[in-house]
file model_34.txt (compact mmCIF, C-alpha atoms and all ligand atoms)
# COMPACT_ATOMS: atom_id res chain seq x y z
CA MET W 1 -9.84 12.36 -22.28
CA THR W 2 -9.52 12.79 -18.53
CA THR W 3 -6.01 12.56 -17.11
CA ILE W 4 -5.59 11.54 -13.50
CA VAL W 5 -2.22 11.67 -11.76
CA ILE W 6 -1.41 9.16 -9.04
CA ALA W 7 1.67 10.31 -7.14
CA GLY W 8 3.82 8.68 -4.51
CA GLY W 9 5.86 5.54 -4.20
CA GLY W 10 8.84 4.16 -2.38
CA THR W 11 7.96 0.69 -1.13
CA GLY W 12 5.41 -1.90 -2.24
CA GLY W 13 3.01 -0.63 0.40
CA HIS W 14 2.72 2.63 -1.55
CA VAL W 15 3.17 1.41 -5.09
CA PHE W 16 0.71 -1.51 -5.22
CA PRO W 17 -2.29 0.56 -4.06
CA MET W 18 -1.33 3.13 -6.75
CA VAL W 19 -1.41 0.39 -9.38
CA ALA W 20 -4.70 -0.96 -8.00
CA VAL W 21 -6.44 2.41 -8.31
CA GLY W 22 -4.83 3.08 -11.70
CA ASP W 23 -6.07 -0.23 -13.12
CA ALA W 24 -9.57 0.37 -11.79
CA LEU W 25 -9.60 3.86 -13.35
CA ARG W 26 -8.48 2.54 -16.71
CA ALA W 27 -11.10 -0.19 -16.64
CA MET W 28 -13.73 2.48 -16.05
CA GLY W 29 -12.58 4.43 -19.05
CA SER W 30 -12.38 1.44 -21.36
CA ALA W 31 -14.93 0.18 -23.86
CA GLY W 32 -17.92 -1.55 -22.33
CA SER W 33 -17.93 0.37 -19.06
CA ALA W 34 -20.78 2.70 -18.15
CA GLU W 35 -18.37 5.60 -17.57
CA ARG W 36 -16.86 5.18 -21.04
CA ALA W 37 -19.50 7.48 -22.50
CA ALA W 38 -17.88 10.40 -20.66
CA GLY W 39 -14.57 9.75 -22.39
CA GLU W 40 -11.34 7.88 -21.93
CA VAL W 41 -9.27 7.94 -18.77
CA ARG W 42 -5.51 8.34 -18.85
CA VAL W 43 -3.53 7.44 -15.73
CA VAL W 44 -0.07 8.90 -15.18
CA TYR W 45 2.02 7.88 -12.20
CA VAL W 46 4.48 10.29 -10.62
CA GLY W 47 7.28 8.94 -8.44
CA THR W 48 11.01 9.21 -7.87
CA ALA W 49 13.95 7.22 -9.16
CA ARG W 50 14.66 5.91 -5.63
CA GLY W 51 11.42 3.93 -5.23
CA ILE W 52 10.32 0.53 -6.54
CA GLU W 53 7.83 2.33 -8.79
CA VAL W 54 10.55 2.36 -11.42
CA GLN W 55 10.59 -1.45 -11.53
CA VAL W 56 6.88 -2.02 -10.93
CA MET W 57 5.42 0.59 -13.29
CA GLY W 58 8.31 0.12 -15.70
CA GLY W 59 7.65 -3.63 -15.81
CA ARG W 60 3.97 -3.01 -16.54
CA GLY W 61 4.64 -0.48 -19.29
CA ASP W 62 2.79 2.29 -17.40
CA THR W 63 3.52 5.98 -17.85
CA LEU W 64 5.72 7.04 -14.94
CA GLU W 65 7.10 10.56 -14.55
CA LEU W 66 9.95 11.10 -12.12
CA LEU W 67 10.56 14.00 -9.74
CA GLU W 68 13.83 14.57 -7.93
CA ILE W 69 13.05 14.57 -4.22
CA LEU W 70 14.78 13.56 -0.99
CA PRO W 71 13.13 11.95 2.05
CA LEU W 72 11.92 14.26 4.85
CA ARG W 73 12.17 11.62 7.55
CA GLY W 74 15.10 9.61 8.81
CA GLY W 75 17.94 12.12 8.51
CA GLY W 76 17.29 14.10 11.71
CA ALA W 77 16.73 17.87 11.67
CA ARG W 78 19.39 18.39 9.01
CA GLY W 79 17.93 15.67 6.81
CA PHE W 80 14.48 17.19 7.20
CA ALA W 81 15.78 20.64 6.22
CA ARG W 82 17.57 19.17 3.18
CA GLY W 83 14.44 17.22 2.22
CA ALA W 84 12.18 20.24 2.68
CA ALA W 85 14.50 22.37 0.52
CA ALA W 86 14.53 19.69 -2.19
CA ALA W 87 10.72 19.43 -2.01
CA ALA W 88 10.43 23.21 -2.39
CA ARG W 89 12.78 23.09 -5.38
CA ALA W 90 10.67 20.28 -6.83
CA LEU W 91 7.50 22.37 -6.74
CA PRO W 92 8.07 24.39 -9.93
CA GLU W 93 9.11 21.20 -11.71
CA ALA W 94 5.98 19.44 -10.42
CA ARG W 95 3.83 22.39 -11.53
CA ARG W 96 5.20 22.24 -15.04
CA LEU W 97 4.60 18.51 -15.10
CA ILE W 98 0.97 18.78 -13.93
CA GLN W 99 0.33 21.49 -16.52
CA ARG W 100 1.96 19.48 -19.30
CA LEU W 101 -0.10 16.42 -18.41
CA ASP W 102 -3.28 18.50 -18.23
CA ALA W 103 -4.23 16.58 -15.07
CA ARG W 104 -7.81 16.88 -13.84
CA ALA W 105 -7.26 15.38 -10.38
CA VAL W 106 -4.30 14.15 -8.32
CA LEU W 107 -4.22 11.30 -5.84
CA SER W 108 -1.30 11.32 -3.41
CA LEU W 109 -0.23 8.17 -1.62
CA GLY W 110 2.40 10.07 0.31
CA GLY W 111 5.97 8.95 -0.19
CA TYR W 112 8.52 11.29 -1.72
CA ALA W 113 6.64 12.47 -4.80
CA GLY W 114 3.11 12.65 -3.39
CA GLY W 115 3.47 15.96 -1.53
CA PRO W 116 5.08 18.12 -4.23
CA ALA W 117 2.87 16.73 -7.02
CA ALA W 118 -0.30 17.34 -5.02
CA LEU W 119 0.73 20.81 -3.82
CA ALA W 120 1.63 21.80 -7.35
CA ALA W 121 -1.77 20.65 -8.57
CA ARG W 122 -3.54 22.49 -5.77
CA SER W 123 -1.75 25.70 -6.66
CA LEU W 124 -3.19 25.29 -10.15
CA GLY W 125 -6.73 24.86 -8.82
CA ILE W 126 -6.83 21.14 -9.57
CA PRO W 127 -8.59 19.00 -6.93
CA ILE W 128 -6.25 16.87 -4.86
CA THR W 129 -6.91 13.78 -2.79
CA ILE W 130 -4.91 11.60 -0.42
CA LEU W 131 -5.00 7.89 0.28
CA GLU W 132 -3.80 6.63 3.65
CA PRO W 133 -3.75 2.86 4.16
CA ASN W 134 -2.24 3.01 7.67
CA SER W 135 -4.06 4.08 10.81
CA VAL W 136 -1.78 7.12 11.18
CA LEU W 137 -1.35 9.66 8.37
CA GLY W 138 2.12 9.66 6.86
CA LEU W 139 4.10 12.90 7.03
CA SER W 140 3.58 14.01 3.46
CA ASN W 141 -0.18 13.26 3.50
CA ARG W 142 -0.47 15.09 6.83
CA LEU W 143 0.94 18.26 5.26
CA LEU W 144 -1.67 18.05 2.49
CA VAL W 145 -4.72 17.71 4.77
CA PRO W 146 -5.83 21.38 4.68
CA PHE W 147 -5.97 21.28 0.89
CA VAL W 148 -7.62 17.96 0.08
CA ALA W 149 -11.00 17.41 -1.53
CA ARG W 150 -10.97 13.79 -0.39
CA ALA W 151 -9.12 11.63 2.10
CA TYR W 152 -9.48 7.92 1.35
CA ILE W 153 -8.78 5.94 4.49
CA ASN W 154 -8.78 2.40 5.80
CA PHE W 155 -9.00 2.71 9.58
CA PRO W 156 -11.78 4.69 11.33
CA GLU W 157 -9.31 6.40 13.68
CA THR W 158 -7.52 8.00 10.71
CA ALA W 159 -10.56 10.27 10.33
CA ARG W 160 -9.56 12.20 13.44
CA GLY W 161 -8.12 15.52 12.38
CA LEU W 162 -9.64 15.30 8.90
CA ARG W 163 -12.61 17.36 7.72
CA ALA W 164 -15.54 14.91 7.92
CA SER W 165 -16.87 15.97 4.50
CA THR W 166 -13.62 14.88 2.84
CA VAL W 167 -13.39 11.41 4.42
CA ARG W 168 -14.24 8.28 2.46
CA ARG W 169 -13.44 5.01 4.25
CA PHE W 170 -13.13 2.52 1.42
CA GLY W 171 -10.21 0.37 2.67
CA VAL W 172 -6.82 -0.32 1.09
CA PRO W 173 -6.97 -0.57 -2.72
CA LEU W 174 -5.87 -4.04 -3.77
CA ARG W 175 -4.86 -5.46 -7.09
CA ARG W 176 -7.61 -7.42 -8.83
CA ALA W 177 -6.34 -10.89 -7.89
CA PHE W 178 -7.27 -10.52 -4.22
CA SER W 179 -10.61 -11.99 -3.26
CA ARG W 180 -12.00 -14.38 -0.69
CA ALA W 181 -10.60 -17.89 -1.08
CA PRO W 182 -12.36 -20.77 0.70
CA TYR W 183 -10.41 -22.07 3.67
CA GLY W 184 -10.31 -25.83 4.07
CA ALA W 185 -8.74 -26.18 7.51
CA ARG W 186 -7.60 -29.75 7.97
CA ALA W 187 -5.53 -31.73 10.42
CA GLY W 188 -2.16 -33.03 9.21
CA LYS W 189 0.32 -31.09 7.13
CA LEU W 190 0.42 -27.33 7.72
CA SER W 191 1.51 -24.92 4.98
CA LEU W 192 3.07 -21.81 6.42
CA LEU W 193 3.66 -18.63 4.41
CA VAL W 194 6.22 -16.14 5.71
CA LEU W 195 5.92 -12.60 4.33
CA GLY W 196 8.40 -9.90 5.25
CA GLY W 197 6.68 -7.08 3.35
CA SER W 198 7.94 -5.70 0.08
CA GLN W 199 11.54 -5.54 1.33
CA GLY W 200 11.62 -8.69 3.45
CA ALA W 201 12.19 -8.74 7.20
CA VAL W 202 15.58 -9.57 8.66
CA ALA W 203 14.12 -10.56 12.04
CA LEU W 204 11.69 -13.03 10.44
CA ASN W 205 14.50 -14.36 8.25
CA GLN W 206 16.50 -15.22 11.34
CA THR W 207 13.73 -16.54 13.58
CA LEU W 208 11.38 -18.49 11.32
CA PRO W 209 13.88 -21.14 10.19
CA ARG W 210 14.67 -21.91 13.84
CA ALA W 211 10.99 -21.93 14.79
CA LEU W 212 10.28 -24.34 11.93
CA ALA W 213 13.15 -26.57 13.05
CA ARG W 214 11.61 -26.73 16.54
CA CYS W 215 8.18 -27.57 15.14
CA ARG W 216 9.59 -30.37 13.02
CA ALA W 217 11.72 -31.70 15.88
CA ASP W 218 8.47 -31.90 17.89
CA GLY W 219 6.96 -34.05 15.16
CA LEU W 220 4.81 -31.44 13.44
CA ASP W 221 4.46 -31.78 9.68
CA VAL W 222 4.99 -28.12 8.71
CA GLU W 223 6.13 -26.90 5.30
CA ILE W 224 7.13 -23.31 4.69
CA VAL W 225 7.20 -20.83 1.83
CA HIS W 226 9.50 -18.05 2.97
CA GLN W 227 9.74 -14.67 1.20
CA THR W 228 13.03 -13.14 2.29
CA GLY W 229 13.38 -9.81 0.47
CA LYS W 230 15.78 -9.00 -2.36
CA ALA W 231 19.29 -10.46 -2.10
CA ARG W 232 18.52 -12.22 1.18
CA GLU W 233 17.48 -15.63 -0.09
CA ALA W 234 20.96 -17.20 -0.12
CA GLU W 235 21.62 -16.58 3.57
CA VAL W 236 18.14 -17.76 4.57
CA ARG W 237 18.41 -20.86 2.42
CA ALA W 238 21.78 -21.57 4.06
CA LEU W 239 20.18 -21.32 7.51
CA TYR W 240 17.45 -23.83 6.61
CA ALA W 241 20.17 -26.13 5.27
CA GLU W 242 22.28 -25.73 8.41
CA LEU W 243 19.22 -26.73 10.46
CA GLY W 244 18.73 -29.76 8.20
CA ILE W 245 15.21 -28.80 7.10
CA GLU W 246 15.86 -27.37 3.64
CA ALA W 247 13.60 -30.01 2.07
CA HIS W 248 10.66 -28.42 3.87
CA ALA W 249 11.31 -24.79 2.97
CA ARG W 250 10.82 -22.98 -0.32
CA VAL W 251 12.86 -19.79 -0.06
CA VAL W 252 12.20 -16.93 -2.49
CA PRO W 253 13.21 -13.26 -2.52
CA PHE W 254 9.87 -11.99 -3.83
CA ILE W 255 6.53 -13.53 -4.73
CA ASP W 256 4.81 -12.11 -7.79
CA ASP W 257 1.44 -13.68 -7.11
CA ILE W 258 0.82 -13.02 -3.43
CA ALA W 259 -2.91 -13.69 -3.84
CA ALA W 260 -2.23 -17.28 -4.91
CA ALA W 261 0.40 -17.75 -2.19
CA LEU W 262 -2.09 -16.59 0.45
CA ALA W 263 -4.83 -18.83 -0.90
CA ALA W 264 -2.47 -21.82 -0.68
CA ALA W 265 -1.43 -21.12 2.94
CA ASP W 266 -2.91 -22.57 6.12
CA VAL W 267 -1.25 -19.96 8.34
CA VAL W 268 0.58 -16.74 7.47
CA VAL W 269 3.42 -15.28 9.55
CA ALA W 270 4.02 -11.71 8.43
CA ARG W 271 5.01 -8.14 9.05
CA SER W 272 1.89 -5.99 9.25
CA GLY W 273 2.27 -3.35 6.57
CA ALA W 274 -1.14 -2.01 5.57
CA SER W 275 -1.40 -3.80 2.22
CA THR W 276 -0.17 -7.11 3.60
CA VAL W 277 -2.85 -6.94 6.29
CA ALA W 278 -5.56 -5.88 3.82
CA GLU W 279 -4.62 -8.68 1.40
CA LEU W 280 -4.65 -11.23 4.21
CA CYS W 281 -8.15 -10.12 5.17
CA ALA W 282 -9.42 -9.98 1.58
CA VAL W 283 -8.35 -13.61 1.05
CA GLY W 284 -9.22 -14.65 4.63
CA ARG W 285 -6.32 -16.45 6.30
CA PRO W 286 -5.29 -16.85 9.96
CA ALA W 287 -2.10 -15.01 10.79
CA ILE W 288 0.62 -14.39 13.31
CA LEU W 289 1.58 -10.76 12.76
CA ILE W 290 4.95 -9.48 13.94
CA PRO W 291 4.97 -5.70 13.30
CA TYR W 292 8.12 -3.92 12.17
CA PRO W 293 8.98 -2.18 15.47
CA PHE W 294 10.42 0.99 13.92
CA ALA W 295 7.49 1.94 11.65
CA ALA W 296 6.51 5.60 12.05
CA ASP W 297 4.22 6.04 15.09
CA ASP W 298 4.30 2.24 15.50
CA HIS W 299 1.58 2.02 12.84
CA GLN W 300 2.31 -1.63 12.02
CA MET W 301 1.33 -2.62 15.56
CA LYS W 302 -1.91 -0.68 15.14
CA ASN W 303 -2.53 -2.46 11.83
CA ALA W 304 -1.92 -5.83 13.49
CA ARG W 305 -4.07 -5.06 16.53
CA SER W 306 -7.02 -4.17 14.29
CA VAL W 307 -7.06 -7.76 12.96
CA GLU W 308 -6.33 -9.24 16.37
CA ARG W 309 -9.32 -7.38 17.85
CA VAL W 310 -11.76 -9.17 15.55
CA GLY W 311 -10.07 -12.53 16.21
CA GLY W 312 -8.36 -12.89 12.84
CA ALA W 313 -4.75 -12.79 13.95
CA LEU W 314 -2.34 -12.89 16.80
CA ALA W 315 -0.21 -9.74 17.13
CA LEU W 316 3.22 -10.41 18.59
CA ALA W 317 5.64 -7.58 19.31
CA GLN W 318 9.06 -8.39 17.91
CA SER W 319 10.48 -8.44 21.45
CA GLU W 320 8.09 -11.33 22.27
CA ALA W 321 8.53 -13.13 18.98
CA SER W 322 11.29 -15.55 19.95
CA GLU W 323 11.73 -18.76 17.98
CA ALA W 324 10.27 -20.69 20.96
CA ARG W 325 7.18 -18.47 21.13
CA ILE W 326 6.57 -18.60 17.40
CA ALA W 327 7.00 -22.39 17.39
CA GLN W 328 4.55 -22.64 20.27
CA GLU W 329 1.93 -20.52 18.46
CA ILE W 330 2.38 -22.47 15.23
CA ALA W 331 1.95 -25.76 17.12
CA ALA W 332 -1.21 -24.47 18.80
CA LEU W 333 -2.69 -23.47 15.44
CA ALA W 334 -1.58 -26.70 13.76
CA GLY W 335 -3.40 -28.71 16.43
CA ASP W 336 -6.65 -26.75 16.18
CA PRO W 337 -8.13 -26.60 12.66
CA GLY W 338 -11.40 -25.23 14.07
CA ARG W 339 -9.63 -22.23 15.54
CA ARG W 340 -7.83 -21.58 12.27
CA GLU W 341 -11.14 -21.73 10.43
CA ARG W 342 -12.66 -19.20 12.85
CA MET W 343 -9.65 -16.92 12.49
CA ALA W 344 -9.89 -17.05 8.69
CA GLU W 345 -13.58 -16.11 8.90
CA ALA W 346 -12.84 -13.29 11.35
CA ALA W 347 -10.03 -11.86 9.20
CA ALA W 348 -12.34 -11.92 6.19
CA THR W 349 -14.84 -9.67 7.98
CA LEU W 350 -12.28 -6.87 7.53
CA GLY W 351 -11.70 -7.66 3.86
CA ALA W 352 -12.50 -4.92 1.36
CA PRO W 353 -11.60 -6.33 -2.06
CA ASP W 354 -13.58 -3.58 -3.82
CA ALA W 355 -11.65 -0.63 -2.30
CA ALA W 356 -9.75 0.15 -5.52
CA GLN W 357 -12.97 0.34 -7.50
CA ARG W 358 -14.63 2.62 -4.96
CA VAL W 359 -11.66 4.99 -4.81
CA ALA W 360 -11.46 5.05 -8.62
CA GLU W 361 -15.16 5.84 -9.03
CA ASP W 362 -15.06 8.66 -6.52
CA LEU W 363 -11.82 10.11 -7.90
CA LEU W 364 -13.10 10.06 -11.46
CA ALA W 365 -16.37 11.70 -10.42
CA LEU W 366 -14.37 14.41 -8.67
CA ALA W 367 -12.17 14.97 -11.72
CA ARG W 368 -15.16 15.17 -14.06
CA ALA W 369 -17.09 17.49 -11.76
CA ALA W 370 -14.04 19.77 -11.62
CA GLU W 371 -13.77 19.69 -15.42
CA GLU W 372 -17.27 21.08 -15.68
CA ARG W 373 -16.83 23.79 -13.09
CA PRO W 374 -15.06 27.06 -13.87
CA ARG W 375 -11.57 26.93 -12.40
CA ALA W 376 -12.34 30.07 -10.34
CA TRP W 377 -14.39 27.89 -7.97
CA PHE W 378 -11.22 26.29 -6.74
CA ALA W 379 -9.14 29.42 -6.89
CA GLY W 380 -11.64 31.07 -4.54
CA ARG W 381 -10.89 28.35 -2.02
CA GLY W 382 -7.21 28.92 -1.70
CA GLY W 383 -6.04 27.96 -5.17
CA ARG W 384 -4.32 30.31 -7.53
CA GLU W 385 -6.41 33.20 -8.87
CA ASP W 386 -7.99 32.80 -12.23
CA ARG W 387 -6.39 35.00 -14.85
CA GLY W 388 -8.77 37.65 -16.07
CA GLY W 389 -11.82 35.41 -15.84
CA ARG W 390 -10.34 32.70 -18.09
CA SER W 391 -9.65 29.30 -16.65
CA GLU W 392 -6.06 28.50 -15.80
CA ARG W 393 -6.25 25.59 -18.21
CA ALA W 394 -7.22 27.90 -21.05
CA ALA W 395 -4.33 30.19 -20.13
CA VAL W 396 -1.94 27.24 -20.10
CA ALA W 397 -3.25 25.98 -23.44
CA GLU W 398 -2.70 29.45 -24.88
CA GLU W 399 0.82 29.64 -23.52
CA ARG W 400 1.58 26.29 -25.10
CA ALA W 401 0.10 27.16 -28.48
C1 LIG M 501 9.15 -0.99 6.94
C2 LIG M 501 8.02 -0.09 6.61
O1 LIG M 501 8.03 1.09 6.94
N1 LIG M 501 7.02 -0.64 5.93
C3 LIG M 501 5.88 0.13 5.48
C4 LIG M 501 5.65 -0.18 4.03
O2 LIG M 501 5.62 -1.59 3.99
P1 LIG M 501 5.64 -2.52 2.75
O3 LIG M 501 6.16 -1.85 1.55
O4 LIG M 501 6.22 -3.81 3.16
O5 LIG M 501 4.09 -2.58 2.55
P2 LIG M 501 2.86 -3.49 2.75
O6 LIG M 501 3.03 -4.59 3.69
O7 LIG M 501 1.73 -2.53 3.00
O8 LIG M 501 2.68 -4.04 1.27
C5 LIG M 501 3.59 -4.86 0.64
C6 LIG M 501 3.08 -5.05 -0.76
O9 LIG M 501 4.08 -5.71 -1.49
C7 LIG M 501 3.51 -6.87 -2.08
N2 LIG M 501 4.50 -7.94 -2.09
C8 LIG M 501 5.27 -8.17 -0.99
C9 LIG M 501 6.17 -9.20 -0.99
C10 LIG M 501 6.27 -10.01 -2.14
O10 LIG M 501 7.05 -10.94 -2.22
N3 LIG M 501 5.47 -9.76 -3.19
C11 LIG M 501 4.57 -8.72 -3.21
O11 LIG M 501 3.87 -8.52 -4.20
C12 LIG M 501 2.34 -7.25 -1.19
O12 LIG M 501 1.43 -8.06 -1.91
C13 LIG M 501 1.81 -5.89 -0.81
O13 LIG M 501 0.95 -5.40 -1.80
O14 LIG M 501 4.47 0.47 3.57
C14 LIG M 501 3.27 0.13 4.27
C15 LIG M 501 2.13 0.93 3.66
O15 LIG M 501 2.31 2.31 3.84
C16 LIG M 501 3.41 0.41 5.74
O16 LIG M 501 2.24 -0.04 6.42
C17 LIG M 501 4.64 -0.30 6.27
O17 LIG M 501 4.83 -0.04 7.63
call {"tool": "encode", "arguments": {"input": "model_34.txt", "output": "structure tokens"}}
result
Amino acid sequence: MTTIVIAGGGTGGHVFPMVAVGDALRAMGSAGSAERAAGEVRVVYVGTARGIEVQVMGGRGDTLELLEILPLRGGGARGFARGAAAAARALPEARRLIQRLDARAVLSLGGYAGGPAALAARSLGIPITILEPNSVLGLSNRLLVPFVARAYINFPETARGLRASTVRRFGVPLRRAFSRAPYGARAGKLSLLVLGGSQGAVALNQTLPRALARCRADGLDVEIVHQTGKAREAEVRALYAELGIEAHARVVPFIDDIAAALAAADVVVARSGASTVAELCAVGRPAILIPYPFAADDHQMKNARSVERVGGALALAQSEASEARIAQEIAALAGDPGRRERMAEAAATLGAPDAAQRVAEDLLALARAAEERPRAWFAGRGGREDRGGRSERAAVAEERA
């Protein structure tokens, strides 16, 4: 059996690609698959108690191991120092965990747990890889760059600063449900889907109801499905009611089946987290993207611009995204089904629904190649020295026995 560790977490943007790769790996190791002959595949997720991995992986019955780690970003210099100290303390714990799991490869998505789990594995001579769905490498993945055997990326510009031999541009791994859905642009009623990312978006919660009210006051037949984020639905529902348009708005905190919601939408108004954008493109829907303005290195704007450049979306900075402007853009799209159709087509050119499968295949090949090689090969490249010619794994197995 080959055990692969997928580490990271925090928000949906980290956790859902982890799940996507994990499911693809398991499918490859299950009966009926060509890779099955080489043995079963076990996937273990490593995260922290603070992220949504606890709910997501917990809800799916996956194996999730938790490390105790603090964020490096967001608390200023003192917060960084505290986080770095906690990460350093987490290393021995992570090392014991990787040894206990007998992991053959580690994939880090960044987030709190990704760095320590991957560094621990590297120190044991186990190949490590990173996955970066955004155009700019996250902090924890950036620290791992010198040690990685592979960097799975989505945007071409992410390759800058990475060793070319390690780069594989497969896209953002998506859960299986996401695939191209035919787009029947028609005049008449417009179904709008508002997505605030895994946590919802306060700015969209405040602006979209008012924009919808304007559209309807101007005689447009627009209906809305509005995802608000946890514990925000009551206030958003109240706003639609106050504006007298509650009959035209379905307000929900979270949507379990985003693929179906996208397929049912004529136009999507959304934040531009990497997975949201990738899912939009995989399904092929026109969008108005309003990036979260405080994302690290403004990466959401870069995500949005990449779709805008091919003609699949309109990217609106939050400072420009007034209710009047949004209403105006919705009206323009409502009145031009041909344009919407072209945007849907354009967005779909960026779709990569097979990214999870491609990452899984490459990762498994890497793990199996490493299994066959003496551990000293890795140790010679910066990993820990082999003990007396025996592989580290053999030494660990002996210690355990
Ligand atoms: C505020 C912030 O820093 N956000 C970051 C976070 O966003 P966030 O966690 O919002 O991530 P994404 O937009 O990338 O992905 C959201 C994921 O949650 C799922 N989903 C969302 C809502 C819902 O109701 N149901 C549901 O299943 C989506 O289908 C998607 O798979 O991680 C992304 C990936 O690193 C980054 O690009 C974002 O900048």
call {"tool": "residues_around", "arguments": {"input": "model_34.txt", "residues": "Leu109 of chain W", "least_positions_apart": "3", "cutoff": "8 Å", "atoms": "all atoms listed in the file", "output": "NGL selection string"}}
result
:W and (6-9 or 14 or 18 or 114 or 130-132 or 141)
call {"tool": "residues_around", "arguments": {"input": "model_34.txt", "residues": "segment 276-291 of chain W", "least_positions_apart": "6", "cutoff": "8 Å", "atoms": "all atoms listed in the file", "output": "PyMOL selection string"}}
result
chain W and resi 13+171-172+174+178-183+197+259+262-263+265-270+300-301+303-304+307+312-318+321+340-341+343-353
call {"tool": "write_last_selection", "arguments": {"input": "model_34.txt", "atoms": "C-alpha atoms", "output": "PDB file, in the coordinates of the input"}}
result
ATOM      1  CA  GLY W  13       3.010  -0.630   0.400  1.00  0.00           C
ATOM      2  CA  GLY W 171     -10.210   0.370   2.670  1.00  0.00           C
ATOM      3  CA  VAL W 172      -6.820  -0.320   1.090  1.00  0.00           C
ATOM      4  CA  LEU W 174      -5.870  -4.040  -3.770  1.00  0.00           C
ATOM      5  CA  PHE W 178      -7.270 -10.520  -4.220  1.00  0.00           C
ATOM      6  CA  SER W 179     -10.610 -11.990  -3.260  1.00  0.00           C
ATOM      7  CA  ARG W 180     -12.000 -14.380  -0.690  1.00  0.00           C
ATOM      8  CA  ALA W 181     -10.600 -17.890  -1.080  1.00  0.00           C
ATOM      9  CA  PRO W 182     -12.360 -20.770   0.700  1.00  0.00           C
ATOM     10  CA  TYR W 183     -10.410 -22.070   3.670  1.00  0.00           C
ATOM     11  CA  GLY W 197       6.680  -7.080   3.350  1.00  0.00           C
ATOM     12  CA  ALA W 259      -2.910 -13.690  -3.840  1.00  0.00           C
ATOM     13  CA  LEU W 262      -2.090 -16.590   0.450  1.00  0.00           C
ATOM     14  CA  ALA W 263      -4.830 -18.830  -0.900  1.00  0.00           C
ATOM     15  CA  ALA W 265      -1.430 -21.120   2.940  1.00  0.00           C
ATOM     16  CA  ASP W 266      -2.910 -22.570   6.120  1.00  0.00           C
ATOM     17  CA  VAL W 267      -1.250 -19.960   8.340  1.00  0.00           C
ATOM     18  CA  VAL W 268       0.580 -16.740   7.470  1.00  0.00           C
ATOM     19  CA  VAL W 269       3.420 -15.280   9.550  1.00  0.00           C
ATOM     20  CA  ALA W 270       4.020 -11.710   8.430  1.00  0.00           C
ATOM     21  CA  GLN W 300       2.310  -1.630  12.020  1.00  0.00           C
ATOM     22  CA  MET W 301       1.330  -2.620  15.560  1.00  0.00           C
ATOM     23  CA  ASN W 303      -2.530  -2.460  11.830  1.00  0.00           C
ATOM     24  CA  ALA W 304      -1.920  -5.830  13.490  1.00  0.00           C
ATOM     25  CA  VAL W 307      -7.060  -7.760  12.960  1.00  0.00           C
ATOM     26  CA  GLY W 312      -8.360 -12.890  12.840  1.00  0.00           C
ATOM     27  CA  ALA W 313      -4.750 -12.790  13.950  1.00  0.00           C
ATOM     28  CA  LEU W 314      -2.340 -12.890  16.800  1.00  0.00           C
ATOM     29  CA  ALA W 315      -0.210  -9.740  17.130  1.00  0.00           C
ATOM     30  CA  LEU W 316       3.220 -10.410  18.590  1.00  0.00           C
ATOM     31  CA  ALA W 317       5.640  -7.580  19.310  1.00  0.00           C
ATOM     32  CA  GLN W 318       9.060  -8.390  17.910  1.00  0.00           C
ATOM     33  CA  ALA W 321       8.530 -13.130  18.980  1.00  0.00           C
ATOM     34  CA  ARG W 340      -7.830 -21.580  12.270  1.00  0.00           C
ATOM     35  CA  GLU W 341     -11.140 -21.730  10.430  1.00  0.00           C
ATOM     36  CA  MET W 343      -9.650 -16.920  12.490  1.00  0.00           C
ATOM     37  CA  ALA W 344      -9.890 -17.050   8.690  1.00  0.00           C
ATOM     38  CA  GLU W 345     -13.580 -16.110   8.900  1.00  0.00           C
ATOM     39  CA  ALA W 346     -12.840 -13.290  11.350  1.00  0.00           C
ATOM     40  CA  ALA W 347     -10.030 -11.860   9.200  1.00  0.00           C
ATOM     41  CA  ALA W 348     -12.340 -11.920   6.190  1.00  0.00           C
ATOM     42  CA  THR W 349     -14.840  -9.670   7.980  1.00  0.00           C
ATOM     43  CA  LEU W 350     -12.280  -6.870   7.530  1.00  0.00           C
ATOM     44  CA  GLY W 351     -11.700  -7.660   3.860  1.00  0.00           C
ATOM     45  CA  ALA W 352     -12.500  -4.920   1.360  1.00  0.00           C
ATOM     46  CA  PRO W 353     -11.600  -6.330  -2.060  1.00  0.00           C
TER      47      PRO W 353
END
call {"tool": "residues_near_ligand", "arguments": {"input": "model_34.txt", "ligand": "ligand LIG 501 (chain M)", "cutoff": "6 Å", "atoms": "all atoms listed in the file", "output": "list of chain:residue names"}}
result
W:Thr11, W:Gly12, W:Gly13, W:His14, W:Phe16, W:Asn134, W:Gly197, W:Ser198, W:Gln199, W:Gln227, W:Phe254, W:Ile255, W:Asp256, W:Ile258, W:Ser272, W:Gly273, W:Ala274, W:Ser275, W:Thr276, W:Ala295, W:Gln300
call {"tool": "atom_distance", "arguments": {"input": "model_34.txt", "atom1": "atom CA of Cys215 of chain W", "atom2": "atom CA of Arg250 of chain W"}}
result
16.3 Å
call {"tool": "residues_around", "arguments": {"input": "model_34.txt", "residues": "Ala201 of chain W", "least_positions_apart": "5", "cutoff": "8 Å", "atoms": "only C-alpha atoms", "output": "number ranges by chain"}}
result
W: 195-196, 228-229, 271
call {"tool": "atom_distance", "arguments": {"input": "model_34.txt", "atom1": "atom CA of Pro337 of chain W", "atom2": "atom CA of His248 of chain W"}}
result
20.8 Å
call {"tool": "closest_residue", "arguments": {"input": "model_34.txt", "among": "W:Ala203, W:Ala87, W:Ile128, W:Ile4", "to": "Ala151 of chain W", "atoms": "all atoms listed in the file"}}
result
W:Ile128
call {"tool": "atom_distance", "arguments": {"input": "model_34.txt", "atom1": "atom CA of Ile326 of chain W", "atom2": "atom CA of Leu212 of chain W"}}
result
8.8 Å
